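Novice: I have a structure I would like to understand better, so I am pasting it below and will then ask my questions one at a time.
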Amino acid sequence: MNGFAKVKFKAGDVVFWAGDVADKLYIMKKGAIRILDSRSSHPFATLVQGESFGEQCILSTGIRSASAMAMEDTECIEIGGEGLRQLLAAQSPLMRSLFEALLLQLHMHNTLLR
Amino acid sequence: MDTKTDTDTSANSNTSKLAHFSVNVDKIKLVDVGNPLSPDAVSMYDGHGLSAQDRLFFCLRQNTTLGHCVFNPGEKIAVRGDRVHFAQIVISGDMTASDEKNNFTYGPGSVIGLAEGMANLPYSFTVTATTAVNTRFIPIHDAQQKLMQTNAGLRSICRTAIMRTLNLQKIPENLQ
């Protein structure tokens, strides 16, 4: 995948705030990230190795809908939004639809059950 | 097309007004351009303040390769516990959805059964059309095959989205 870099966060570091421009996606290599509700700041998900977050970067000029904070020393692979969009554009229409629909269903789940 | 607007999460299942999910169809009509990823489309998104879910729906609606389906009022679109063969993306219409604890109403932009089907799990909710409902559908078997053949990074993102949607703590066997 193009445009990726290894990044490290210490416990308590904020990876991004709700409302920030979403220009990067992260895949967890080790550690733990807590996702916080934009309104209440209450955590609603904890992500660990192998999971990803920040998918809004697939949309040009997307905005973060939640904040992300490292719970412990954490290492991630950081992927630029442009590289991800190029990668997705090279996929079959079915794969693109699958990707977009999974993100939409996740939004729906968060909206209804958060 | 349906004219229901903003997402409404102001009520829960214990009140007379049910939690509701829908994209903003009125705003999406204003940016009805051919290529949703073109610079023109992106500037139109920004000008009209589309949310992430509005934009995802817009991209999906523009995809002409997915099959169409129509459900009549009263028809069951999904039955909780049944195996998922086709996931549905709702283009227009209204539905009710329920499980043992929750009751919701769905509108355009709702996605039914996709995460469950990709994880080889049954439908989480029973979904019933309350008006005529138009959908685009994704065949689960084909989508599972595509996912296994795709880039490892994209596969990881999809797997995480599935697990977060279904509140799964372990990676489903078929997605490992």
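Labels used: A, B, ... for chains in the order of the structure tokens, numbers from 1 for residues in each chain, and numbers from 1 for ligands as shown.
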Kindly provide the residues of chain A that approach chain B to within 8 Å, each paired with its closest atom pair and their distance in Å to one decimal, based on only C-alpha atoms, listed by chain and increasing number, as JSON lines.
Specialist:
{"residue": "A:Met1", "atom": "CA", "partner": "B:Gly153", "partner_atom": "CA", "distance": 7.1}
{"residue": "A:Ile27", "atom": "CA", "partner": "B:Ile157", "partner_atom": "CA", "distance": 7.8}
{"residue": "A:Ala45", "atom": "CA", "partner": "B:Arg164", "partner_atom": "CA", "distance": 7.9}
{"residue": "A:Gly50", "atom": "CA", "partner": "B:Ser156", "partner_atom": "CA", "distance": 7.0}
{"residue": "A:Glu51", "atom": "CA", "partner": "B:Thr160", "partner_atom": "CA", "distance": 5.2}
{"residue": "A:Ser52", "atom": "CA", "partner": "B:Ile157", "partner_atom": "CA", "distance": 5.6}
{"residue": "A:Phe53", "atom": "CA", "partner": "B:Ile157", "partner_atom": "CA", "distance": 7.7}
{"residue": "A:Glu55", "atom": "CA", "partner": "B:Ile157", "partner_atom": "CA", "distance": 7.7}
{"residue": "A:Gln56", "atom": "CA", "partner": "B:Ala52", "partner_atom": "CA", "distance": 7.0}
{"residue": "A:Leu59", "atom": "CA", "partner": "B:Ala52", "partner_atom": "CA", "distance": 7.3}
{"residue": "A:Ser60", "atom": "CA", "partner": "B:Val42", "partner_atom": "CA", "distance": 6.9}
{"residue": "A:Thr61", "atom": "CA", "partner": "B:Asp46", "partner_atom": "CA", "distance": 7.9}
{"residue": "A:Gly62", "atom": "CA", "partner": "B:Ala52", "partner_atom": "CA", "distance": 6.5}
{"residue": "A:Ile63", "atom": "CA", "partner": "B:Ala52", "partner_atom": "CA", "distance": 7.5}
{"residue": "A:Gln91", "atom": "CA", "partner": "B:Thr150", "partner_atom": "CA", "distance": 8.0}
{"residue": "A:Pro93", "atom": "CA", "partner": "B:Thr65", "partner_atom": "CA", "distance": 6.9}
{"residue": "A:Leu94", "atom": "CA", "partner": "B:Ala143", "partner_atom": "CA", "distance": 7.0}
{"residue": "A:Met95", "atom": "CA", "partner": "B:Lys146", "partner_atom": "CA", "distance": 6.3}
{"residue": "A:Ser97", "atom": "CA", "partner": "B:Leu60", "partner_atom": "CA", "distance": 6.1}
{"residue": "A:Leu98", "atom": "CA", "partner": "B:Ala143", "partner_atom": "CA", "distance": 6.9}
{"residue": "A:Phe99", "atom": "CA", "partner": "B:Cys158", "partner_atom": "CA", "distance": 6.4}
{"residue": "A:Glu100", "atom": "CA", "partner": "B:Leu56", "partner_atom": "CA", "distance": 5.8}
{"residue": "A:Ala101", "atom": "CA", "partner": "B:Val111", "partner_atom": "CA", "distance": 6.8}
{"residue": "A:Leu102", "atom": "CA", "partner": "B:Ala161", "partner_atom": "CA", "distance": 6.3}
{"residue": "A:Leu103", "atom": "CA", "partner": "B:Ala161", "partner_atom": "CA", "distance": 6.5}
{"residue": "A:Leu104", "atom": "CA", "partner": "B:Gln53", "partner_atom": "CA", "distance": 5.8}
{"residue": "A:Gln105", "atom": "CA", "partner": "B:Val111", "partner_atom": "CA", "distance": 5.3}
{"residue": "A:Leu106", "atom": "CA", "partner": "B:Thr165", "partner_atom": "CA", "distance": 5.0}
{"residue": "A:His107", "atom": "CA", "partner": "B:Gln53", "partner_atom": "CA", "distance": 6.7}
{"residue": "A:Met108", "atom": "CA", "partner": "B:Phe21", "partner_atom": "CA", "distance": 6.5}
{"residue": "A:His109", "atom": "CA", "partner": "B:Thr165", "partner_atom": "CA", "distance": 5.9}
{"residue": "A:Asn110", "atom": "CA", "partner": "B:Thr165", "partner_atom": "CA", "distance": 7.8}
{"residue": "A:Thr111", "atom": "CA", "partner": "B:Thr9", "partner_atom": "CA", "distance": 6.8}
{"residue": "A:Leu112", "atom": "CA", "partner": "B:Thr9", "partner_atom": "CA", "distance": 6.3}
Novice: Just the residues within 10 Å of region 70-76 of chain A, please, counting only C-alpha atoms, with nothing from its chain fewer than 4 positions along; format it as a VMD selection string.
Specialist: chain A and resid 4 to 15 25 to 35 46 to 52
Novice: Write the residues you've just listed into a file as a CSV table (one decimal), in the first residue's frame, and include C-alpha atoms for each of them.
Specialist:
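Below is the file that was written, out-v1.csv:
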chain,number,residue,atom,x,y,z
A,4,PHE,CA,2.4,4.3,4.8
A,5,ALA,CA,4.6,5.0,7.8
A,6,LYS,CA,5.1,3.5,11.3
A,7,VAL,CA,4.1,5.9,14.1
A,8,LYS,CA,4.2,5.6,17.9
A,9,PHE,CA,2.0,7.1,20.5
A,10,LYS,CA,2.5,7.2,24.3
A,11,ALA,CA,-0.3,6.5,26.8
A,12,GLY,CA,-2.6,9.5,26.9
A,13,ASP,CA,-1.5,10.9,23.4
A,14,VAL,CA,-4.4,12.0,21.3
A,15,VAL,CA,-4.1,10.6,17.8
A,25,LEU,CA,-6.0,5.8,8.5
A,26,TYR,CA,-4.3,3.8,11.2
A,27,ILE,CA,-3.8,0.0,11.5
A,28,MET,CA,-2.8,-1.1,15.0
A,29,LYS,CA,0.5,-3.0,15.3
A,30,LYS,CA,0.5,-3.1,19.2
A,31,GLY,CA,-1.0,-1.3,22.1
A,32,ALA,CA,-4.6,0.0,22.5
A,33,ILE,CA,-6.5,2.9,21.3
A,34,ARG,CA,-9.7,4.2,22.8
A,35,ILE,CA,-12.4,5.9,20.6
A,46,THR,CA,-11.3,0.0,22.4
A,47,LEU,CA,-9.1,-1.1,19.5
A,48,VAL,CA,-6.2,-3.5,19.7
A,49,GLN,CA,-3.6,-5.2,17.4
A,50,GLY,CA,-4.8,-5.9,13.9
A,51,GLU,CA,-7.7,-3.4,14.0
A,52,SER,CA,-7.9,-0.1,12.1
Novice: Have a look at CA of Val21 (chain A) and CA of Ala68 (chain A) and let me know their distance in Å, one decimal.
Specialist: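 CA of Ala68 (chain A) lies at a distance of 13.3 Å from CA of Val21 (chain A).
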Novice: Would you please work out which residue, of B:Thr126, B:His68, B:Val84, B:Ala78, is nearest to Lys101 (chain B) when using only C-alpha atoms?
Specialist: B:Thr126
Novice: Pick out each residue of chain A that DSSP on the backbone tags as alpha helix (DSSP H); I need them as a PyMOL selection string.
Specialist: chain A and resi 81-89+93-113
Novice: Print the selection's residues with C-alpha atoms to a file, as a tab-separated table (two decimals), in the first residue's frame.
Specialist:
chain	number	residue	atom	x	y	z
A	81	GLY	CA	-5.93	9.15	2.60
A	82	GLU	CA	-4.83	9.81	-0.98
A	83	GLY	CA	-2.97	6.47	-1.16
A	84	LEU	CA	-5.99	4.66	0.24
A	85	ARG	CA	-8.34	6.34	-2.23
A	86	GLN	CA	-6.05	5.38	-5.12
A	87	LEU	CA	-5.91	1.82	-3.88
A	88	LEU	CA	-9.69	1.65	-3.59
A	89	ALA	CA	-10.17	3.19	-7.04
A	93	PRO	CA	-16.85	-2.12	-8.38
A	94	LEU	CA	-18.04	-4.88	-6.04
A	95	MET	CA	-15.04	-4.44	-3.73
A	96	ARG	CA	-15.55	-0.65	-3.68
A	97	SER	CA	-19.23	-1.07	-2.86
A	98	LEU	CA	-18.41	-3.61	-0.16
A	99	PHE	CA	-15.94	-1.20	1.44
A	100	GLU	CA	-18.30	1.79	1.30
A	101	ALA	CA	-21.30	-0.21	2.51
A	102	LEU	CA	-19.38	-1.67	5.46
A	103	LEU	CA	-18.39	1.84	6.56
A	104	LEU	CA	-21.98	3.01	6.12
A	105	GLN	CA	-23.29	0.11	8.22
A	106	LEU	CA	-20.72	0.96	10.91
A	107	HIS	CA	-21.95	4.60	10.90
A	108	MET	CA	-25.51	3.30	11.19
A	109	HIS	CA	-24.59	1.05	14.11
A	110	ASN	CA	-22.80	3.91	15.90
A	111	THR	CA	-25.72	6.29	15.30
A	112	LEU	CA	-28.40	3.93	16.58
A	113	LEU	CA	-26.64	2.19	19.45
Novice: Just give me the gap between CA of Asp99 (chain B) and CA of Ser124 (chain B) in Å, one decimal is fine.
Specialist: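 Atom-to-atom, CA of Asp99 (chain B) to CA of Ser124 (chain B), that is 6.9 Å.
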Novice: So what do you get for CA of Met69 (chain A) versus CA of Cys57 (chain A), distance-wise?
Specialist: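 CA of Met69 (chain A) sits 17.4 Å away from CA of Cys57 (chain A).
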Novice: Kindly indicate which residue among A:Ala18, A:Lys24, A:Ile79, A:Ser41 lies nearest to Ser67 (chain A), using only C-alpha atoms for the distances.
Specialist: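 For Ser67 (chain A), the nearest of the given residues is A:Ala18.
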Novice: Which polymer residues have any atom within 9 Å of an atom of Arg39 (chain A), counting only C-alpha atoms, with same-chain residues fewer than 3 positions away left out, as a ChimeraX atom specification?
Specialist: /A:18,36,42,66
